[in-house]
$ cat work24.tsv   # TSV, C-alpha atoms and all ligand atoms
chain	number	residue	atom	x	y	z
A	765	MET	CA	55.89	24.01	-33.48
A	766	THR	CA	58.62	21.54	-34.06
A	767	GLY	CA	58.87	17.78	-33.68
A	768	ARG	CA	57.94	14.66	-35.56
A	769	ASP	CA	55.01	12.37	-35.22
A	770	PRO	CA	56.15	8.77	-35.30
A	771	GLN	CA	52.56	7.63	-35.66
A	772	THR	CA	51.97	9.31	-38.98
A	773	ALA	CA	53.57	8.35	-42.25
A	774	ARG	CA	54.12	12.04	-42.91
A	775	GLY	CA	57.09	13.01	-40.81
A	776	ALA	CA	57.77	15.82	-43.22
A	777	ALA	CA	56.65	19.39	-42.74
A	778	ASP	CA	52.94	19.94	-43.08
A	779	GLU	CA	52.42	23.15	-44.99
A	780	ARG	CA	49.27	25.19	-44.67
A	781	VAL	CA	48.16	28.47	-46.11
A	782	LEU	CA	46.60	31.19	-43.98
A	783	GLY	CA	45.30	33.92	-46.25
A	784	ARG	CA	48.38	35.17	-48.01
A	785	VAL	CA	50.72	34.02	-45.24
A	786	ARG	CA	52.34	30.67	-45.74
A	787	ILE	CA	52.99	28.87	-42.51
A	788	GLN	CA	55.20	25.91	-41.95
A	789	THR	CA	54.23	23.36	-39.36
A	790	GLU	CA	55.22	19.88	-38.40
A	791	PRO	CA	53.08	17.29	-36.64
A	792	LEU	CA	53.71	17.01	-32.93
A	793	PRO	CA	55.35	13.94	-31.43
A	794	GLN	CA	53.27	11.56	-29.35
A	795	PRO	CA	54.78	11.69	-25.87
A	796	ALA	CA	55.72	8.42	-24.22
A	797	ALA	CA	53.01	7.12	-21.90
A	798	PRO	CA	53.69	8.51	-18.40
A	799	ALA	CA	54.02	6.25	-15.40
A	800	PRO	CA	50.76	5.70	-13.53
A	801	ALA	CA	50.26	8.55	-11.05
A	802	ARG	CA	49.26	8.05	-7.45
A	803	ASN	CA	47.20	10.47	-5.44
A	804	GLY	CA	46.69	9.94	-1.75
A	805	GLY	CA	47.42	6.24	-2.17
A	806	VAL	CA	44.68	5.82	-4.78
A	807	PRO	CA	46.07	4.38	-8.02
A	808	GLN	CA	45.06	6.42	-11.04
A	809	ILE	CA	45.06	5.65	-14.72
A	810	ALA	CA	48.04	6.95	-16.65
A	811	ARG	CA	47.50	10.56	-17.61
A	812	GLU	CA	48.94	12.37	-20.55
A	813	VAL	CA	50.34	15.81	-19.83
A	814	VAL	CA	49.08	18.45	-22.26
A	815	PHE	CA	50.38	21.58	-20.51
A	816	ASP	CA	53.31	21.69	-18.17
A	817	ILE	CA	53.33	25.18	-16.68
A	818	ARG	CA	56.68	25.90	-15.11
A	819	ASP	CA	57.35	28.85	-12.84
A	820	MET	CA	55.07	31.08	-14.88
A	821	ALA	CA	54.74	34.74	-13.94
A	822	VAL	CA	52.89	37.38	-15.95
A	823	TYR	CA	53.34	41.15	-16.00
A	824	TYR	CA	51.47	43.98	-17.66
A	825	GLY	CA	54.08	46.73	-17.79
A	826	ASP	CA	55.43	47.15	-14.27
A	827	ASN	CA	52.46	45.40	-12.65
A	828	GLN	CA	52.69	41.72	-11.91
A	829	ALA	CA	49.32	40.08	-12.54
A	830	LEU	CA	50.29	36.47	-11.81
A	831	GLY	CA	52.89	35.19	-9.41
A	832	TRP	CA	54.82	31.96	-9.60
A	833	THR	CA	52.55	29.33	-11.07
A	834	ALA	CA	53.37	25.70	-11.75
A	835	PHE	CA	51.10	22.76	-12.47
A	836	LYS	CA	50.22	20.28	-15.17
A	837	ILE	CA	47.03	20.03	-17.21
A	838	TYR	CA	46.02	16.58	-18.39
A	839	ARG	CA	44.46	15.25	-21.56
A	840	HIS	CA	40.71	14.58	-21.73
A	841	LEU	CA	40.06	16.19	-18.37
A	842	VAL	CA	38.16	19.36	-17.60
A	843	THR	CA	40.38	21.67	-15.56
A	844	ALA	CA	38.55	24.55	-13.89
A	845	VAL	CA	40.28	27.78	-12.92
A	846	ILE	CA	38.53	29.53	-10.03
A	847	GLY	CA	39.22	32.51	-7.79
A	848	PRO	CA	38.08	36.04	-6.96
A	849	SER	CA	37.81	38.78	-9.56
A	850	GLY	CA	41.19	40.15	-10.61
A	851	CYS	CA	43.22	37.16	-9.41
A	852	GLY	CA	44.47	36.48	-12.94
A	853	LYS	CA	42.19	33.72	-14.23
A	854	SER	CA	41.78	35.26	-17.68
A	855	THR	CA	45.45	36.25	-17.73
A	856	PHE	CA	46.36	32.66	-16.97
A	857	ILE	CA	44.10	30.99	-19.53
A	858	ARG	CA	44.99	33.49	-22.26
A	859	SER	CA	48.67	32.86	-21.63
A	860	LEU	CA	48.21	29.23	-22.65
A	861	ASN	CA	47.63	30.08	-26.33
A	862	ARG	CA	49.36	33.46	-26.55
A	863	MET	CA	46.14	35.46	-26.65
A	864	ASN	CA	47.86	38.09	-24.47
A	865	ASP	CA	50.60	38.73	-27.00
A	866	ALA	CA	48.82	41.71	-28.49
A	867	ILE	CA	48.49	43.46	-25.11
A	868	ARG	CA	50.97	46.26	-24.69
A	869	GLY	CA	53.39	45.61	-21.84
A	870	PHE	CA	52.51	41.90	-21.57
A	871	ARG	CA	55.50	39.85	-20.43
A	872	LEU	CA	55.69	36.22	-19.38
A	873	GLU	CA	58.45	34.63	-17.35
A	874	GLY	CA	58.97	30.91	-16.92
A	875	GLN	CA	57.68	28.37	-19.41
A	876	VAL	CA	54.42	27.06	-20.80
A	877	LEU	CA	55.14	23.69	-22.33
A	878	TYR	CA	52.46	22.34	-24.62
A	879	ARG	CA	53.11	18.65	-25.27
A	880	GLY	CA	56.77	19.32	-24.55
A	881	HIS	CA	57.02	22.40	-26.80
A	882	ASP	CA	57.63	25.85	-25.38
A	883	VAL	CA	54.56	27.86	-26.47
A	884	TYR	CA	56.70	31.00	-26.26
A	885	GLY	CA	59.69	29.46	-28.09
A	886	ALA	CA	61.23	31.57	-30.84
A	887	GLU	CA	60.42	29.09	-33.61
A	888	VAL	CA	56.77	28.63	-32.66
A	889	ASN	CA	54.09	29.53	-35.17
A	890	ARG	CA	51.40	31.50	-33.34
A	891	VAL	CA	48.69	30.67	-35.86
A	892	GLU	CA	49.32	26.98	-35.34
A	893	VAL	CA	49.27	27.48	-31.55
A	894	ARG	CA	45.82	29.05	-31.82
A	895	ARG	CA	44.60	26.28	-34.13
A	896	ARG	CA	45.63	23.58	-31.71
A	897	ILE	CA	44.54	25.54	-28.65
A	898	GLY	CA	41.15	27.12	-29.38
A	899	MET	CA	39.37	29.70	-27.26
A	900	VAL	CA	35.80	30.69	-26.44
A	901	PHE	CA	35.08	33.91	-24.58
A	902	GLN	CA	32.61	35.05	-21.94
A	903	LYS	CA	30.32	36.90	-24.30
A	904	PRO	CA	29.20	35.01	-27.40
A	905	ASN	CA	30.91	36.77	-30.30
A	906	PRO	CA	29.70	35.24	-33.58
A	907	PHE	CA	30.69	37.04	-36.75
A	908	PRO	CA	27.87	38.94	-38.50
A	909	LYS	CA	27.74	36.18	-41.11
A	910	SER	CA	25.60	33.12	-41.69
A	911	ILE	CA	25.65	30.21	-39.26
A	912	TYR	CA	27.45	28.11	-41.88
A	913	ASP	CA	30.05	30.79	-42.64
A	914	ASN	CA	30.86	31.25	-38.96
A	915	VAL	CA	31.83	27.60	-38.63
A	916	ALA	CA	33.50	27.44	-42.06
A	917	TRP	CA	35.52	30.63	-41.50
A	918	ALA	CA	38.62	29.23	-39.79
A	919	PRO	CA	38.83	26.03	-41.90
A	920	ARG	CA	38.62	28.15	-45.06
A	921	ASN	CA	41.35	30.50	-43.81
A	922	LEU	CA	43.58	27.58	-42.91
A	923	GLY	CA	43.11	25.91	-46.30
A	924	MET	CA	41.00	23.06	-44.84
A	925	ARG	CA	38.47	23.27	-47.67
A	926	GLU	CA	38.03	19.58	-48.37
A	927	ASP	CA	34.65	18.21	-47.29
A	928	LEU	CA	33.79	21.58	-45.78
A	929	ASP	CA	30.07	20.73	-45.50
A	930	MET	CA	30.92	17.60	-43.53
A	931	ARG	CA	33.32	19.55	-41.33
A	932	VAL	CA	30.68	22.17	-40.57
A	933	GLU	CA	28.07	19.52	-39.79
A	934	ARG	CA	30.47	17.61	-37.56
A	935	ALA	CA	31.46	20.73	-35.59
A	936	LEU	CA	27.82	21.78	-35.13
A	937	THR	CA	26.90	18.24	-34.07
A	938	GLN	CA	29.76	18.12	-31.55
A	939	ALA	CA	28.61	21.49	-30.20
A	940	ALA	CA	25.08	20.03	-29.79
A	941	LEU	CA	23.64	22.64	-32.16
A	942	TRP	CA	23.14	20.77	-35.44
A	943	ASP	CA	19.53	19.72	-34.89
A	944	GLU	CA	18.53	23.27	-34.02
A	945	VAL	CA	20.17	24.93	-37.04
A	946	LYS	CA	20.41	22.35	-39.83
A	947	ASP	CA	17.46	23.87	-41.68
A	948	ARG	CA	18.64	27.46	-41.33
A	949	LEU	CA	22.37	27.35	-42.00
A	950	THR	CA	22.20	30.43	-44.21
A	951	ASP	CA	20.46	32.53	-41.54
A	952	SER	CA	22.51	35.14	-39.75
A	953	ALA	CA	24.30	33.84	-36.66
A	954	LEU	CA	23.03	36.94	-34.90
A	955	SER	CA	19.47	35.57	-35.18
A	956	LEU	CA	20.35	32.79	-32.71
A	957	SER	CA	19.65	32.97	-28.97
A	958	GLY	CA	22.54	33.75	-26.60
A	959	GLY	CA	22.97	30.10	-25.64
A	960	GLN	CA	22.86	29.01	-29.28
A	961	GLN	CA	25.38	31.71	-30.18
A	962	GLN	CA	27.75	30.42	-27.51
A	963	ARG	CA	27.41	26.85	-28.82
A	964	LEU	CA	28.06	28.26	-32.31
A	965	CYS	CA	31.27	29.85	-30.98
A	966	ILE	CA	32.23	26.45	-29.57
A	967	ALA	CA	31.47	24.87	-32.99
A	968	ARG	CA	33.59	27.56	-34.63
A	969	ALA	CA	36.47	26.76	-32.30
A	970	ILE	CA	36.28	23.00	-32.81
A	971	ALA	CA	35.84	23.17	-36.61
A	972	VAL	CA	39.64	23.22	-37.04
A	973	GLU	CA	40.00	20.15	-34.82
A	974	PRO	CA	41.96	21.66	-31.97
A	975	ASP	CA	43.52	19.61	-29.22
A	976	VAL	CA	42.57	21.96	-26.39
A	977	LEU	CA	39.58	24.21	-25.74
A	978	LEU	CA	40.05	27.21	-23.46
A	979	LEU	CA	36.75	28.58	-22.16
A	980	ASP	CA	36.73	31.87	-20.23
A	981	GLU	CA	33.46	31.97	-18.28
A	982	PRO	CA	31.53	30.60	-21.28
A	983	ALA	CA	28.18	30.49	-19.50
A	984	SER	CA	28.26	33.61	-17.35
A	985	ALA	CA	26.17	35.62	-19.82
A	986	LEU	CA	23.58	32.83	-20.25
A	987	ASP	CA	20.35	31.87	-18.51
A	988	PRO	CA	20.19	28.68	-16.38
A	989	VAL	CA	18.82	26.52	-19.20
A	990	ALA	CA	21.49	27.60	-21.68
A	991	THR	CA	24.09	27.23	-18.92
A	992	ALA	CA	22.97	23.65	-18.29
A	993	SER	CA	23.31	22.83	-21.99
A	994	ILE	CA	26.87	24.23	-22.04
A	995	GLU	CA	27.69	22.17	-18.94
A	996	ASP	CA	26.25	19.02	-20.55
A	997	LEU	CA	28.36	19.77	-23.57
A	998	MET	CA	31.54	19.86	-21.46
A	999	HIS	CA	30.94	16.27	-20.43
A	1000	THR	CA	30.81	15.03	-24.02
A	1001	LEU	CA	33.47	17.36	-25.44
A	1002	LYS	CA	36.08	16.22	-22.97
A	1003	ASN	CA	36.10	12.80	-24.64
A	1004	ARG	CA	37.53	14.53	-27.67
A	1005	PHE	CA	39.31	17.60	-26.32
A	1006	THR	CA	41.21	18.75	-23.28
A	1007	ILE	CA	39.24	21.56	-21.65
A	1008	VAL	CA	40.35	24.42	-19.44
A	1009	ILE	CA	37.45	26.49	-18.13
A	1010	VAL	CA	37.38	29.67	-16.05
A	1011	THR	CA	34.29	29.95	-13.90
A	1012	HIS	CA	33.01	32.07	-11.05
A	1013	ASN	CA	30.32	29.55	-10.34
A	1014	MET	CA	31.38	27.03	-7.69
A	1015	GLN	CA	28.52	24.65	-8.44
A	1016	GLN	CA	29.50	24.70	-12.06
A	1017	ALA	CA	33.14	23.94	-11.23
A	1018	ALA	CA	32.01	21.07	-9.00
A	1019	ARG	CA	29.72	19.72	-11.72
A	1020	VAL	CA	31.99	19.92	-14.75
A	1021	ALA	CA	35.59	19.81	-13.56
A	1022	ASP	CA	37.91	16.90	-12.93
A	1023	GLN	CA	40.72	19.11	-11.67
A	1024	VAL	CA	40.53	22.56	-10.09
A	1025	ALA	CA	43.14	25.31	-9.81
A	1026	PHE	CA	42.30	27.92	-7.17
A	1027	PHE	CA	43.98	31.31	-7.50
A	1028	THR	CA	43.67	34.21	-5.09
A	1029	LEU	CA	44.95	37.74	-4.66
A	1030	GLU	CA	47.68	38.12	-2.11
A	1031	PRO	CA	46.81	40.99	0.24
A	1032	GLY	CA	49.09	44.01	0.13
A	1033	ALA	CA	49.84	46.78	-2.25
A	1034	ASP	CA	50.93	44.55	-5.14
A	1035	ARG	CA	47.80	42.35	-5.24
A	1036	VAL	CA	49.52	39.65	-7.28
A	1037	GLY	CA	47.42	36.68	-8.39
A	1038	THR	CA	48.71	33.49	-6.78
A	1039	LEU	CA	47.99	29.82	-7.28
A	1040	VAL	CA	46.91	28.54	-3.87
A	1041	GLU	CA	45.92	24.96	-4.55
A	1042	TYR	CA	45.57	22.58	-7.46
A	1043	ALA	CA	43.94	19.19	-6.99
A	1044	ASP	CA	41.13	16.95	-8.13
A	1045	THR	CA	37.67	18.45	-7.77
A	1046	GLN	CA	36.65	16.29	-4.82
A	1047	THR	CA	39.71	17.36	-2.83
A	1048	ILE	CA	39.21	21.05	-3.58
A	1049	PHE	CA	35.56	21.02	-2.56
A	1050	ARG	CA	35.54	18.45	0.23
A	1051	ASN	CA	39.00	18.36	1.70
A	1052	PRO	CA	41.20	21.26	0.60
A	1053	THR	CA	44.58	21.57	2.29
A	1054	ASP	CA	44.64	25.39	2.39
A	1055	THR	CA	42.21	27.39	4.52
A	1056	ARG	CA	42.04	30.04	1.78
A	1057	THR	CA	40.63	27.41	-0.57
A	1058	ARG	CA	38.14	26.23	2.04
A	1059	ASP	CA	36.97	29.79	2.71
A	1060	TYR	CA	36.53	30.50	-0.98
A	1061	VAL	CA	34.69	27.35	-1.98
A	1062	THR	CA	32.37	27.61	1.02
A	1063	GLY	CA	31.56	31.23	0.13
A	1064	ARG	CA	33.25	32.82	3.11
A	1065	PHE	CA	35.48	34.89	0.87
A	1066	GLY	CA	35.34	36.40	-2.62
A	1101	LIG	N1	45.11	44.27	-20.77
A	1101	LIG	C1	45.53	44.51	-19.54
A	1101	LIG	N2	46.40	45.50	-19.29
A	1101	LIG	C2	46.83	45.77	-18.04
A	1101	LIG	N3	46.47	45.07	-16.96
A	1101	LIG	C3	45.60	44.05	-17.14
A	1101	LIG	C4	45.10	43.71	-18.44
A	1101	LIG	N4	44.26	42.66	-18.30
A	1101	LIG	C5	44.25	42.35	-17.00
A	1101	LIG	N5	45.05	43.18	-16.29
A	1101	LIG	C6	45.27	43.16	-14.85
A	1101	LIG	O1	45.71	41.85	-14.47
A	1101	LIG	C7	45.08	41.46	-13.27
A	1101	LIG	C8	44.34	40.14	-13.51
A	1101	LIG	O2	43.26	40.37	-14.41
A	1101	LIG	P1	42.41	39.20	-15.06
A	1101	LIG	O3	41.51	39.81	-16.05
A	1101	LIG	O4	43.33	38.14	-15.50
A	1101	LIG	O5	41.61	38.69	-13.77
A	1101	LIG	P2	40.39	37.68	-13.66
A	1101	LIG	O6	40.71	36.75	-12.53
A	1101	LIG	O7	40.10	37.08	-14.98
A	1101	LIG	O8	39.20	38.63	-13.21
A	1101	LIG	P3	37.61	38.51	-13.49
A	1101	LIG	O9	37.12	37.41	-12.62
A	1101	LIG	O10	37.07	39.83	-13.07
A	1101	LIG	O11	37.42	38.22	-14.96
A	1101	LIG	C9	44.17	42.60	-12.83
A	1101	LIG	O12	44.87	43.37	-11.88
A	1101	LIG	C10	43.97	43.39	-14.11
A	1101	LIG	O13	43.79	44.74	-13.84
A	1102	MG	MG	38.45	37.15	-16.29
$ encode --input "work24.tsv" --output "structure tokens"
Amino acid sequence: MTGRDPQTARGAADERVLGRVRIQTEPLPQPAAPAPARNGGVPQIAREVVFDIRDMAVYYGDNQALGWTAFKIYRHLVTAVIGPSGCGKSTFIRSLNRMNDAIRGFRLEGQVLYRGHDVYGAEVNRVEVRRRIGMVFQKPNPFPKSIYDNVAWAPRNLGMREDLDMRVERALTQAALWDEVKDRLTDSALSLSGGQQQRLCIARAIAVEPDVLLLDEPASALDPVATASIEDLMHTLKNRFTIVIVTHNMQQAARVADQVAFFTLEPGADRVGTLVEYADTQTIFRNPTDTRTRDYVTGRFG
């Protein structure tokens, strides 16, 4: 990523080492504070744009998975992505940090601007994109290593070795797991329960101090108690991170999200995923403008 950070003394390139690959990064600029936004006549506090998605369309080979998509994602809010199976929720969220790059035939049109930088720009360092924009998947996927080594893995690989113990403790504390594992850090991560494993994956993602957390149905494989603890966690994590969460669970979206993006599948042979409506959570659930949104959130469709 390019750009300079006027708020740090170090305007110069910040060099990191990833394994044997040397990567060159520069701190990002702090965007100017945006003008206060208004929504339905209600004054809102100034919001900082983290993602500006412009005319995005995604293809896998000849098949278009996502149609024209444009909206902004704001700092320190939880943005939920909802919609029926196959409408492109995972495709969308994975496009925000280039997780789809490895998929054969993947092609993205339009732009994904992250803090003003084109995520797909030629000069962009993909490793740095993934560090700043972390991801947690549906199924907890800890490495078959100790609890400590899971959290320390990415910092070690990125050369963030200073105060590693503190970093691990902080990440586990932020993921609301520290008290449960502090006396068994050398135990295998696979000895944890499903809910604990998912919180460990969240700790692993936040150990490198990302700016954004992308969560693709993080609680769908968990029981109601573990789900509730992940939801509680969202409320505290959003003070520190910007969160984008895919969920099939409407109650969960209503409970955790500030903003909601509803996608659907257009009928017809192409079945292209389409953004129908994007608004604050209250509007989507209580007063949506599109009947397709109303039908979906009230359970009449999907
Ligand atoms: N790796 C891939 N290669 C080819 N097509 C894919 C790939 N991944 C997804 N697709 C297609 O893109 C479309 C959107 O899929 P995606 O997984 O993004 O949907 P989703 O909304 O996340 O669905 P679900 O709710 O079932 O997880 C589907 O038609 C799917 O078949
Ligand atoms: Mg999905």
$ closest_residue --input "work24.tsv" --among "A:Ile1007, A:Ala866, A:Val972, A:Val989" --to "ligand LIG 1101 (chain A)" --atoms "all atoms listed in the file"
A:Ala866
$ residues_around --input "work24.tsv" --residues "Phe870 in chain A" --least-positions-apart "4" --cutoff "7 Å" --atoms "all atoms listed in the file" --output "list in words"
Tyr823, Tyr824, Gly825, Asn864 and Asp865 of chain A
$ write_last_selection --input "work24.tsv" --atoms "C-alpha atoms" --output "PDB file, in the coordinates of the input"
ATOM      1  CA  TYR A 823      53.340  41.150 -16.000  1.00  0.00           C
ATOM      2  CA  TYR A 824      51.470  43.980 -17.660  1.00  0.00           C
ATOM      3  CA  GLY A 825      54.080  46.730 -17.790  1.00  0.00           C
ATOM      4  CA  ASN A 864      47.860  38.090 -24.470  1.00  0.00           C
ATOM      5  CA  ASP A 865      50.600  38.730 -27.000  1.00  0.00           C
TER       6      ASP A 865
END
$ closest_residue --input "work24.tsv" --among "A:Glu887, A:Asp1022, A:Glu981, A:Glu812" --to "ligand MG 1102 (chain A)" --atoms "all atoms listed in the file"
A:Glu981
$ closest_atom_pairs --input "work24.tsv" --of "chain A" --to "ligand LIG 1101 (chain A)" --cutoff "8 Å" --atoms "only C-alpha atoms and all ligand atoms" --output "Markdown table"
| residue | atom | partner | partner_atom | distance |
| --- | --- | --- | --- | --- |
| A:Tyr823 | CA | A:LIG1101 | O1 | 7.8 |
| A:Tyr824 | CA | A:LIG1101 | C2 | 5.0 |
| A:Gly825 | CA | A:LIG1101 | C2 | 7.3 |
| A:Asn827 | CA | A:LIG1101 | N3 | 7.4 |
| A:Gln828 | CA | A:LIG1101 | O1 | 7.4 |
| A:Ala829 | CA | A:LIG1101 | O1 | 4.5 |
| A:Leu830 | CA | A:LIG1101 | C8 | 7.2 |
| A:Ile846 | CA | A:LIG1101 | O6 | 7.9 |
| A:Gly847 | CA | A:LIG1101 | O6 | 6.5 |
| A:Pro848 | CA | A:LIG1101 | O9 | 5.9 |
| A:Ser849 | CA | A:LIG1101 | O9 | 3.4 |
| A:Gly850 | CA | A:LIG1101 | O5 | 3.5 |
| A:Cys851 | CA | A:LIG1101 | O6 | 4.0 |
| A:Gly852 | CA | A:LIG1101 | O4 | 3.3 |
| A:Lys853 | CA | A:LIG1101 | O6 | 3.8 |
| A:Ser854 | CA | A:LIG1101 | O7 | 3.7 |
| A:Thr855 | CA | A:LIG1101 | O4 | 3.6 |
| A:Phe856 | CA | A:LIG1101 | O4 | 6.4 |
| A:Asn864 | CA | A:LIG1101 | N1 | 7.7 |
| A:Ile867 | CA | A:LIG1101 | N1 | 5.6 |
| A:Arg868 | CA | A:LIG1101 | N2 | 7.1 |
| A:Gly869 | CA | A:LIG1101 | N2 | 7.4 |
| A:Phe870 | CA | A:LIG1101 | N2 | 7.4 |
| A:Val1010 | CA | A:LIG1101 | O7 | 8.0 |
| A:His1012 | CA | A:LIG1101 | O9 | 6.9 |
| A:Arg1035 | CA | A:LIG1101 | O12 | 7.3 |
| A:Val1036 | CA | A:LIG1101 | O12 | 7.5 |
| A:Gly1037 | CA | A:LIG1101 | C8 | 6.9 |
$ atom_distance --input "work24.tsv" --atom1 "CA of Gln960 in chain A" --atom2 "CA of Ala916 in chain A"
16.7 Å
$ axis_aligned_box --input "work24.tsv" --around "range 1057-1064 of chain A" --padding-each-side "8 Å" --output "lines of an AutoDock Vina configuration file"
center_x = 36.1
center_y = 29.5
center_z = 0.6
size_x = 25.1
size_y = 22.6
size_z = 21.1
$ build_atoms --input "work24.tsv" --residues "range 882-894 of chain A" --atoms "N, CA and C atoms" --output "JSON list (two decimals), in the coordinates of the input"
[["chain", "number", "residue", "atom", "x", "y", "z"],
["A", 882, "ASP", "N", 57.78, 24.55, -26.03],
["A", 882, "ASP", "CA", 57.63, 25.85, -25.38],
["A", 882, "ASP", "C", 56.73, 26.74, -26.25],
["A", 883, "VAL", "N", 55.53, 27.04, -25.72],
["A", 883, "VAL", "CA", 54.56, 27.86, -26.47],
["A", 883, "VAL", "C", 55.14, 29.22, -26.84],
["A", 884, "TYR", "N", 56.08, 29.70, -26.02],
["A", 884, "TYR", "CA", 56.70, 31.00, -26.26],
["A", 884, "TYR", "C", 58.08, 30.87, -26.92],
["A", 885, "GLY", "N", 58.39, 29.67, -27.42],
["A", 885, "GLY", "CA", 59.69, 29.46, -28.09],
["A", 885, "GLY", "C", 59.78, 30.30, -29.35],
["A", 886, "ALA", "N", 61.01, 30.66, -29.71],
["A", 886, "ALA", "CA", 61.23, 31.57, -30.84],
["A", 886, "ALA", "C", 60.72, 31.00, -32.16],
["A", 887, "GLU", "N", 60.77, 29.69, -32.31],
["A", 887, "GLU", "CA", 60.42, 29.09, -33.61],
["A", 887, "GLU", "C", 58.93, 28.78, -33.73],
["A", 888, "VAL", "N", 58.18, 29.06, -32.67],
["A", 888, "VAL", "CA", 56.77, 28.63, -32.66],
["A", 888, "VAL", "C", 55.91, 29.49, -33.57],
["A", 889, "ASN", "N", 55.02, 28.84, -34.28],
["A", 889, "ASN", "CA", 54.09, 29.53, -35.17],
["A", 889, "ASN", "C", 52.81, 29.84, -34.38],
["A", 890, "ARG", "N", 52.53, 31.12, -34.19],
["A", 890, "ARG", "CA", 51.40, 31.50, -33.34],
["A", 890, "ARG", "C", 50.07, 31.07, -33.92],
["A", 891, "VAL", "N", 49.96, 31.08, -35.23],
["A", 891, "VAL", "CA", 48.69, 30.67, -35.86],
["A", 891, "VAL", "C", 48.43, 29.20, -35.54],
["A", 892, "GLU", "N", 49.48, 28.40, -35.61],
["A", 892, "GLU", "CA", 49.32, 26.98, -35.34],
["A", 892, "GLU", "C", 49.00, 26.76, -33.85],
["A", 893, "VAL", "N", 49.59, 27.57, -32.99],
["A", 893, "VAL", "CA", 49.27, 27.48, -31.55],
["A", 893, "VAL", "C", 47.78, 27.71, -31.34],
["A", 894, "ARG", "N", 47.24, 28.73, -32.00],
["A", 894, "ARG", "CA", 45.82, 29.05, -31.82],
["A", 894, "ARG", "C", 44.92, 28.01, -32.46]]
